[in-house]
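Written below as C-alpha cells is the structure these notes are about.
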Amino acid sequence: MSTIHLLPSFFQWVHSPSSLLRSFQASQRTSPVAQPSPADFDVNIQTNTGFLPASPLPELPGPYHEWESVLSEAQQVLKLGENLPDAPSEERIAGELWRERVRSMPTLAASSLLADPQLVRRAHQVLAFLVHFYVHSIPPDDLSGSVVVPSSLVAPLMTVSQALQIAPVLTFADSVLWNWELINPELPVSFENMRFGKILFSGTEAERNFYHGSARTELVGVEILHIIHEYHNLPNVTDLSSVSKINRLLQRLASVIEDVNSSIQTMREEVDPRLFFWDVRPWWNGSASGSSAPAWIYEGVGDTSNLDMSGPSAGQSSIMHALDLFLDIDHKLQQRRYPAPSDSNKKADHGFMERMRRYMPGKHREYLAWIGKSPRPLRSVSQETPVVREHYNAAISALKKLRDCHMRMACLYIVSMSHTRPPPTCPLAAIMRKMEREAARQGPATGTGGNELSMLLKAGRDATTRAILKTN
C-alpha cells in the first residue's frame with residue numbers, strides 16, 4: 001500500500017460534526033512529559049531480548065553453590081515419582097537419598113544476593129526447580145495427604161520471591177525467560193547463539209524444544225515492544241504525520257502477530273505431544289493442581305493457601321499480555337462490545353490473565369500496568385480516527401487467528417493426549433496409576449494452573465473478536 005493510502009482524506013476528517021468533535025478531543029492526547037523507557041521496567045528492547053535478560057544468569061557463588069550442586073544431582077538421578085515402580089528399586093532409593101540431602105541442608109539467608117538482580121533471578125530459578133523436583137519425585141504411594149517442602153528451600157525462596165515480587169513457585173520466567181546459556185560465550189547474544197533448557201526435568205528433547213520454541217516466540221515478539229514504544233513516543237495522535245505513522249505501526253503489528261503465530265505452529269514439528277503430556281508437563285504442576293493432587297505446605301511459612309503456587313503456564317508470557325493491553329482486549333468483560341458474550345464466555349475464568357501476572361517479575365508487571373493506563377489508548381484513538389480503523393482491525397484479525405491456532409495446539413497437546421496411554425517407557429503399574437487418575441478426574445481438560453482449558457481459550461478468542469471496530 002502506498003503512503004498516500006495511509007493518510008486520512010479531508011472527507012474522513014469532516015464527514016460529520018461528531019467526527020470533527022472526536023478529532024478535536026483526541027488532539028488533546030499529546031505527550032506533555034517524557035515517556036518512561038522500557039529499560040525502566042527491565043524490558044530490553046535495545047538488546048532485542050525483550051523480557052529475557054540481556055545476558056545469561058550466572059551460577060550462584062560461595063555457600064549458595066550447594067543449591068547448584070543439588071540441582072545438578074537432581075537432573076541426573078531423579079525420575080517422575082508417578083513413573084516409579086511400586087517395589088523398592090535403585091531409582092526409588094536414589095530419590096529418597098536426594099530428598100534427605102535437601103532436608104538436611106542448612107537454611108541459608110539469601111539477603112546477601114539481593115544487591116545483584118541476576119543472582120536474585122538465578123536463586124529463584126534454582127530454588128523453584130528444586131521445589132518441583134522435590135515434590136514430583138515422591139512416589140504416589142509414599143504420599144499421605146499434603147507434601148511438606150523443607151525450610152532449606154522455602155526460606156530463601158520466599159526471600160528472593162519477595163525481592164523480585166514474583167510467585168514463590170516455578171514460573172514461565174524461570175523455565176523459559178531465564179533458562180538459557182550462550183553456545184559460544186565469545187559471540188554476542190542472539191537467538192542463534194542461545195541454548196535453551198539449561199535446566200531440564202525430564203532430560204528429553206521434547207522438554208528442551210518446548211522451552212526453545214517458547215523463547216523463540218518471545219524473541220519474535222520483541223518487535224511488538226518496539227511498536228508500543230514508538231507509538232507512545234509520538235508527539236500526538238492526530239496530525240497527518242502521526243496518523244500515517246500509527247497506520248504503519250499497525251501494519252507492522254499485524255505482520256509480527258503473524259510471525260508469532262508461525263513460531264507457535266512450528267512447535268508441532270519440534271515437540272512430541274505424547275512425551276510432552278506424560279513426561280514433561282507433570283513436573284510443572286503446582287500445589288493442589290487437580291482434584292487428586294496434594295497441597296504443598298511450605299515449612300515455616302504458615303498458611304500457604306494465599307500464596308500463588310499453580311506453576312508455570314504460557315498464560316504468564318508477558319509479551320502476550322503486552323499485546324492484549326496495547327490492543328485493549330477486554331478479557332474481564334467490563335466493556336459493552338458486540339457481539340455479546342456467550343453463556344460459555346460468562347462462565348469462563350475472567351480473572352485468569354490478571355492472576356497470571358502475579359507469576360511475572362514485578363518490573364514486568366509494572367510495565368504492563370503502564371501500557372494499560374496509557375493516556376492515548378490505541379483502540380479509542382482508532383475508533384475516533386476513521387482512517388486508522390481498518391489497520392487496527394487487521395491487527396485484531398491477526399490476533400484472532402493466533403488464538404484459533406493456540407486452541408488447536410492446546411487440543412493436540414492436552415485435550416487429545418489426556419485420552420491416550422503413557423509412553424511405553426513407563427512401568428505397567430505406573431501406566432495403570434496414571435490412567436486411573438485421569439479417569440477419576442472426570443472433567444474437562446485443564447491447563448497447568450488448573451483452569452478449564454477449552455472454555456478459557458474460547459473466551460480469550462471471543463474477547464479478541466469483540467475488539468473489532470465498526471468501519472461505517
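Letters A, B, ... mark the chains of the C-alpha cells in the order given; residue numbers begin at 1 per chain; ligand numbers begin at 1, in order shown.
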Considering only C-alpha atoms, return as a list in words whatever protein or nucleic-acid residues lie within 9 Å of Ala173 of chain A, sequence-local ones (same chain, fewer than 5 positions apart) excluded. Phe51, Leu52, Gln125, Trp178, Asn179, Pro312, Gln316, Ser317, Tyr359, Met360 and Pro361 of chain A
Could you write out that same residue set with all heavy atoms as an mmCIF file, in the first residue's frame?
```cif
data_model
loop_
_atom_site.group_PDB
_atom_site.id
_atom_site.type_symbol
_atom_site.label_atom_id
_atom_site.label_comp_id
_atom_site.auth_asym_id
_atom_site.auth_seq_id
_atom_site.Cartn_x
_atom_site.Cartn_y
_atom_site.Cartn_z
ATOM 1 N N PHE A 51 11.721 -9.381 27.223
ATOM 2 C CA PHE A 51 11.540 -9.776 28.621
ATOM 3 C C PHE A 51 12.609 -10.762 29.083
ATOM 4 O O PHE A 51 12.681 -11.077 30.273
ATOM 5 C CB PHE A 51 10.143 -10.367 28.826
ATOM 6 C CG PHE A 51 9.038 -9.361 28.649
ATOM 7 C CD1 PHE A 51 8.248 -9.360 27.512
ATOM 8 C CD2 PHE A 51 8.798 -8.390 29.608
ATOM 9 C CE1 PHE A 51 7.230 -8.427 27.348
ATOM 10 C CE2 PHE A 51 7.796 -7.449 29.453
ATOM 11 C CZ PHE A 51 6.999 -7.468 28.317
ATOM 12 N N LEU A 52 13.420 -11.261 28.170
ATOM 13 C CA LEU A 52 14.575 -12.068 28.565
ATOM 14 C C LEU A 52 15.682 -11.137 29.030
ATOM 15 O O LEU A 52 15.812 -10.024 28.528
ATOM 16 C CB LEU A 52 15.084 -12.909 27.398
ATOM 17 C CG LEU A 52 14.338 -14.201 27.043
ATOM 18 C CD1 LEU A 52 12.983 -13.911 26.433
ATOM 19 C CD2 LEU A 52 15.177 -15.059 26.098
ATOM 20 N N GLN A 125 15.240 -19.172 40.368
ATOM 21 C CA GLN A 125 15.138 -20.248 39.388
ATOM 22 C C GLN A 125 15.592 -21.580 39.976
ATOM 23 O O GLN A 125 14.891 -22.602 39.879
ATOM 24 C CB GLN A 125 15.984 -19.900 38.162
ATOM 25 C CG GLN A 125 15.946 -20.948 37.064
ATOM 26 C CD GLN A 125 16.938 -20.632 35.959
ATOM 27 O OE1 GLN A 125 18.105 -20.342 36.233
ATOM 28 N NE2 GLN A 125 16.487 -20.675 34.708
ATOM 29 N N TRP A 178 14.568 -17.225 31.658
ATOM 30 C CA TRP A 178 15.884 -17.241 32.289
ATOM 31 C C TRP A 178 16.632 -18.547 32.044
ATOM 32 O O TRP A 178 17.768 -18.696 32.510
ATOM 33 C CB TRP A 178 15.735 -17.036 33.802
ATOM 34 C CG TRP A 178 15.022 -15.781 34.206
ATOM 35 C CD1 TRP A 178 14.857 -14.653 33.450
ATOM 36 C CD2 TRP A 178 14.383 -15.517 35.457
ATOM 37 N NE1 TRP A 178 14.145 -13.709 34.154
ATOM 38 C CE2 TRP A 178 13.845 -14.210 35.392
ATOM 39 C CE3 TRP A 178 14.205 -16.252 36.633
ATOM 40 C CZ2 TRP A 178 13.141 -13.618 36.451
ATOM 41 C CZ3 TRP A 178 13.508 -15.681 37.691
ATOM 42 C CH2 TRP A 178 12.988 -14.377 37.597
ATOM 43 N N ASN A 179 16.038 -19.468 31.324
ATOM 44 C CA ASN A 179 16.563 -20.835 31.242
ATOM 45 C C ASN A 179 17.388 -21.045 29.969
ATOM 46 O O ASN A 179 17.059 -21.868 29.123
ATOM 47 C CB ASN A 179 15.398 -21.829 31.311
ATOM 48 C CG ASN A 179 15.859 -23.247 31.604
ATOM 49 O OD1 ASN A 179 17.015 -23.476 31.971
ATOM 50 N ND2 ASN A 179 14.959 -24.200 31.437
ATOM 51 N N PRO A 312 4.214 -22.953 36.302
ATOM 52 C CA PRO A 312 4.376 -22.171 35.075
ATOM 53 C C PRO A 312 3.261 -22.432 34.075
ATOM 54 O O PRO A 312 2.659 -23.496 34.041
ATOM 55 C CB PRO A 312 5.727 -22.652 34.532
ATOM 56 C CG PRO A 312 5.868 -24.031 35.065
ATOM 57 C CD PRO A 312 5.214 -24.031 36.412
ATOM 58 N N GLN A 316 1.511 -16.904 31.367
ATOM 59 C CA GLN A 316 2.392 -15.956 32.056
ATOM 60 C C GLN A 316 3.349 -15.256 31.099
ATOM 61 O O GLN A 316 4.237 -14.525 31.543
ATOM 62 C CB GLN A 316 3.185 -16.697 33.145
ATOM 63 C CG GLN A 316 2.316 -17.299 34.239
ATOM 64 C CD GLN A 316 2.996 -18.397 35.034
ATOM 65 O OE1 GLN A 316 4.220 -18.524 35.015
ATOM 66 N NE2 GLN A 316 2.213 -19.220 35.719
ATOM 67 N N SER A 317 3.157 -15.437 29.808
ATOM 68 C CA SER A 317 4.003 -14.773 28.810
ATOM 69 C C SER A 317 3.709 -13.276 28.789
ATOM 70 O O SER A 317 2.622 -12.851 28.381
ATOM 71 C CB SER A 317 3.752 -15.363 27.425
ATOM 72 O OG SER A 317 4.307 -14.539 26.420
ATOM 73 N N TYR A 359 2.614 -14.062 38.546
ATOM 74 C CA TYR A 359 3.718 -15.008 38.361
ATOM 75 C C TYR A 359 4.849 -14.392 37.548
ATOM 76 O O TYR A 359 5.838 -15.067 37.247
ATOM 77 C CB TYR A 359 3.214 -16.282 37.673
ATOM 78 C CG TYR A 359 2.294 -17.103 38.542
ATOM 79 C CD1 TYR A 359 0.956 -16.758 38.683
ATOM 80 C CD2 TYR A 359 2.766 -18.213 39.242
ATOM 81 C CE1 TYR A 359 0.104 -17.501 39.487
ATOM 82 C CE2 TYR A 359 1.928 -18.960 40.045
ATOM 83 C CZ TYR A 359 0.594 -18.598 40.170
ATOM 84 O OH TYR A 359 -0.248 -19.329 40.971
ATOM 85 N N MET A 360 4.706 -13.127 37.175
ATOM 86 C CA MET A 360 5.740 -12.418 36.425
ATOM 87 C C MET A 360 6.608 -11.616 37.391
ATOM 88 O O MET A 360 6.154 -11.238 38.477
ATOM 89 C CB MET A 360 5.097 -11.446 35.423
ATOM 90 C CG MET A 360 4.175 -12.076 34.428
ATOM 91 S SD MET A 360 3.364 -10.787 33.433
ATOM 92 C CE MET A 360 2.212 -11.786 32.482
ATOM 93 N N PRO A 361 7.852 -11.316 37.002
ATOM 94 C CA PRO A 361 8.653 -10.383 37.814
ATOM 95 C C PRO A 361 7.914 -9.059 37.972
ATOM 96 O O PRO A 361 7.227 -8.588 37.054
ATOM 97 C CB PRO A 361 9.930 -10.224 36.981
ATOM 98 C CG PRO A 361 10.011 -11.471 36.155
ATOM 99 C CD PRO A 361 8.588 -11.832 35.843
#
```
Can you check which parts of segment 183-234 of chain A lie within 12 Å of segment 268-278 of chain A? Per residue, the shortest pair of atoms and distance in Å to one decimal, counting only C-alpha atoms, sorted by chain and number, as a Markdown table.
```
| residue | atom | partner | partner_atom | distance |
| --- | --- | --- | --- | --- |
| A:Phe201 | CA | A:Phe276 | CA | 11.6 |
| A:Ser202 | CA | A:Leu275 | CA | 9.6 |
| A:Gly203 | CA | A:Leu275 | CA | 11.3 |
| A:Thr204 | CA | A:Leu275 | CA | 8.3 |
| A:Glu205 | CA | A:Val271 | CA | 7.7 |
| A:Ala206 | CA | A:Val271 | CA | 4.8 |
| A:Glu207 | CA | A:Phe276 | CA | 6.8 |
| A:Arg208 | CA | A:Val271 | CA | 8.7 |
| A:Asn209 | CA | A:Val271 | CA | 6.0 |
| A:Phe210 | CA | A:Val271 | CA | 6.2 |
| A:Tyr211 | CA | A:Val271 | CA | 9.8 |
| A:His212 | CA | A:Glu270 | CA | 9.3 |
| A:Gly213 | CA | A:Glu270 | CA | 8.0 |
| A:Ser214 | CA | A:Val271 | CA | 11.1 |
```
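Here the question is which of A:Arg358, A:Arg103, A:His226, A:Arg461 gets nearest to Asp324 of chain A using only C-alpha atoms, and that residue is A:Arg461.
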Do you have the atom CA of Leu170 of chain A-atom CA of Gly311 of chain A distance handy?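 Separation of atom CA of Leu170 of chain A and atom CA of Gly311 of chain A: 5.3 Å.
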Which distance in Å separates atom CA of Ser69 of chain A and atom CA of Ser310 of chain A, to one decimal? 26.0 Å
For Met105 of chain A: contacts at 9 Å, only C-alpha atoms, fewer than 6 positions along chain excluded, given as a PyMOL selection string: chain A and resi 66+152-153
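The residues of segment 152-203 of chain A that DSSP assigns to strand (DSSP E or B) on this backbone come out as Trp180, Glu181, Leu182, Met194, Arg195 and Phe196 of chain A.
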Write a file of the selected residues as a short mmCIF file (atom, residue, chain, number, x, y, z; two decimals), in the first residue's frame, keeping all heavy atoms.
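Listed below is the output, result_6.cif:
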```cif
data_model
loop_
_atom_site.label_atom_id
_atom_site.label_comp_id
_atom_site.auth_asym_id
_atom_site.auth_seq_id
_atom_site.Cartn_x
_atom_site.Cartn_y
_atom_site.Cartn_z
N TRP A 180 18.49 -20.28 29.85
CA TRP A 180 19.31 -20.40 28.65
C TRP A 180 20.77 -20.05 28.96
O TRP A 180 21.08 -19.48 30.00
CB TRP A 180 18.78 -19.48 27.53
CG TRP A 180 18.67 -18.03 27.90
CD1 TRP A 180 17.65 -17.41 28.58
CD2 TRP A 180 19.62 -16.99 27.61
NE1 TRP A 180 17.88 -16.06 28.71
CE2 TRP A 180 19.09 -15.77 28.13
CE3 TRP A 180 20.85 -16.94 26.95
CZ2 TRP A 180 19.75 -14.55 28.03
CZ3 TRP A 180 21.51 -15.73 26.84
CH2 TRP A 180 20.95 -14.55 27.37
N GLU A 181 21.64 -20.43 28.03
CA GLU A 181 23.06 -20.11 28.11
C GLU A 181 23.56 -19.83 26.70
O GLU A 181 22.88 -20.15 25.72
CB GLU A 181 23.83 -21.27 28.74
CG GLU A 181 23.70 -22.57 27.96
CD GLU A 181 24.31 -23.74 28.68
OE1 GLU A 181 25.09 -23.52 29.63
OE2 GLU A 181 24.01 -24.89 28.30
N LEU A 182 24.71 -19.21 26.61
CA LEU A 182 25.29 -18.93 25.30
C LEU A 182 26.01 -20.17 24.76
O LEU A 182 26.75 -20.83 25.49
CB LEU A 182 26.27 -17.76 25.38
CG LEU A 182 25.65 -16.38 25.65
CD1 LEU A 182 26.75 -15.34 25.82
CD2 LEU A 182 24.69 -15.98 24.53
N MET A 194 21.94 -18.94 21.41
CA MET A 194 21.35 -19.24 22.72
C MET A 194 20.91 -20.70 22.76
O MET A 194 20.24 -21.18 21.85
CB MET A 194 20.16 -18.31 22.99
CG MET A 194 20.53 -16.83 22.99
SD MET A 194 19.09 -15.73 22.86
CE MET A 194 18.55 -15.66 24.56
N ARG A 195 21.31 -21.41 23.82
CA ARG A 195 20.86 -22.79 24.04
C ARG A 195 19.85 -22.77 25.19
O ARG A 195 20.18 -22.42 26.32
CB ARG A 195 22.02 -23.71 24.39
CG ARG A 195 21.59 -25.16 24.63
CD ARG A 195 22.75 -26.03 25.09
NE ARG A 195 23.76 -26.20 24.05
CZ ARG A 195 24.97 -25.67 24.10
NH1 ARG A 195 25.32 -24.92 25.14
NH2 ARG A 195 25.83 -25.87 23.13
N PHE A 196 18.61 -23.15 24.88
CA PHE A 196 17.55 -23.12 25.88
C PHE A 196 17.41 -24.47 26.56
O PHE A 196 17.82 -25.50 26.04
CB PHE A 196 16.24 -22.68 25.22
CG PHE A 196 16.30 -21.26 24.71
CD1 PHE A 196 16.68 -21.00 23.41
CD2 PHE A 196 16.02 -20.20 25.55
CE1 PHE A 196 16.76 -19.70 22.93
CE2 PHE A 196 16.10 -18.89 25.09
CZ PHE A 196 16.48 -18.64 23.78
#
```
From A:Val189, A:Ile371, A:Ala288, A:Ile93, residue lying nearest Pro36 of chain A [only C-alpha atoms]: A:Ile371
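Of the residues listed (A:Ser146, A:Ser37, A:Thr217, A:Ser305), A:Thr217 shows the shortest atom-to-atom separation from Ser263 of chain A; distances use only C-alpha atoms.
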Would you mind telling me which residue in A:Arg403, A:His65, A:Arg379, A:Lys470 lies nearest to Glu258 of chain A when using only C-alpha atoms?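 Selected residue with least distance to Glu258 of chain A: A:Arg403.
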Which polymer residues have any atom within 12 Å of an atom of Ile228 of chain A, counting only C-alpha atoms, with same-chain residues fewer than 2 positions away left out, as a PyMOL selection string? chain A and resi 35-38+45+221-226+230-234+246+249-250+252-253+319+322-327+367-368+370-372+374+376-378
Output the selection as a PDB file, in the first residue's frame - C-alpha atoms for each residue.
```
ATOM      1  CA  GLN A  35       7.567   8.653  28.500  1.00  0.00           C
ATOM      2  CA  PRO A  36       9.373   6.046  30.611  1.00  0.00           C
ATOM      3  CA  SER A  37      11.814   3.816  28.804  1.00  0.00           C
ATOM      4  CA  PRO A  38      11.194   0.056  28.630  1.00  0.00           C
ATOM      5  CA  ILE A  45      14.495  -3.604  23.531  1.00  0.00           C
ATOM      6  CA  GLY A 221       7.547 -10.681  19.799  1.00  0.00           C
ATOM      7  CA  VAL A 222      10.199  -8.116  20.783  1.00  0.00           C
ATOM      8  CA  GLU A 223       9.146  -6.183  17.678  1.00  0.00           C
ATOM      9  CA  ILE A 224       5.772  -5.688  19.406  1.00  0.00           C
ATOM     10  CA  LEU A 225       7.587  -3.896  22.233  1.00  0.00           C
ATOM     11  CA  HIS A 226       9.350  -1.635  19.723  1.00  0.00           C
ATOM     12  CA  GLU A 230       7.270   4.129  19.132  1.00  0.00           C
ATOM     13  CA  TYR A 231       3.524   4.679  19.483  1.00  0.00           C
ATOM     14  CA  HIS A 232       3.781   6.137  22.962  1.00  0.00           C
ATOM     15  CA  ASN A 233       6.568   8.473  21.877  1.00  0.00           C
ATOM     16  CA  LEU A 234       4.582  10.102  19.081  1.00  0.00           C
ATOM     17  CA  ILE A 246       0.093   4.886  13.501  1.00  0.00           C
ATOM     18  CA  LEU A 249       2.838   0.731  13.136  1.00  0.00           C
ATOM     19  CA  LEU A 250      -0.409  -1.234  12.919  1.00  0.00           C
ATOM     20  CA  ARG A 252       3.930  -3.861  11.270  1.00  0.00           C
ATOM     21  CA  LEU A 253       1.989  -5.161  14.267  1.00  0.00           C
ATOM     22  CA  ILE A 319       4.648 -10.465  25.516  1.00  0.00           C
ATOM     23  CA  ALA A 322       1.512  -6.544  26.470  1.00  0.00           C
ATOM     24  CA  LEU A 323      -0.153  -7.184  23.115  1.00  0.00           C
ATOM     25  CA  ASP A 324      -3.587  -7.629  24.690  1.00  0.00           C
ATOM     26  CA  LEU A 325      -3.261  -4.450  26.745  1.00  0.00           C
ATOM     27  CA  PHE A 326      -1.987  -2.423  23.785  1.00  0.00           C
ATOM     28  CA  LEU A 327      -4.938  -3.531  21.629  1.00  0.00           C
ATOM     29  CA  TYR A 367       5.376  -2.317  32.523  1.00  0.00           C
ATOM     30  CA  LEU A 368       2.077  -3.985  31.697  1.00  0.00           C
ATOM     31  CA  TRP A 370       1.832   1.301  32.365  1.00  0.00           C
ATOM     32  CA  ILE A 371       0.546   0.094  28.982  1.00  0.00           C
ATOM     33  CA  GLY A 372      -2.904  -0.481  30.446  1.00  0.00           C
ATOM     34  CA  SER A 374      -1.982   4.753  28.566  1.00  0.00           C
ATOM     35  CA  ARG A 376      -3.844   7.537  24.492  1.00  0.00           C
ATOM     36  CA  PRO A 377      -5.389   4.027  24.358  1.00  0.00           C
ATOM     37  CA  LEU A 378      -4.912   2.659  20.859  1.00  0.00           C
TER      38      LEU A 378
END
```
One decimal, Å: what's the distance from atom CA of Asn472 of chain A over to atom CA of Ala394 of chain A, could you say?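 Separation between atom CA of Asn472 of chain A and atom CA of Ala394 of chain A: 15.5 Å.
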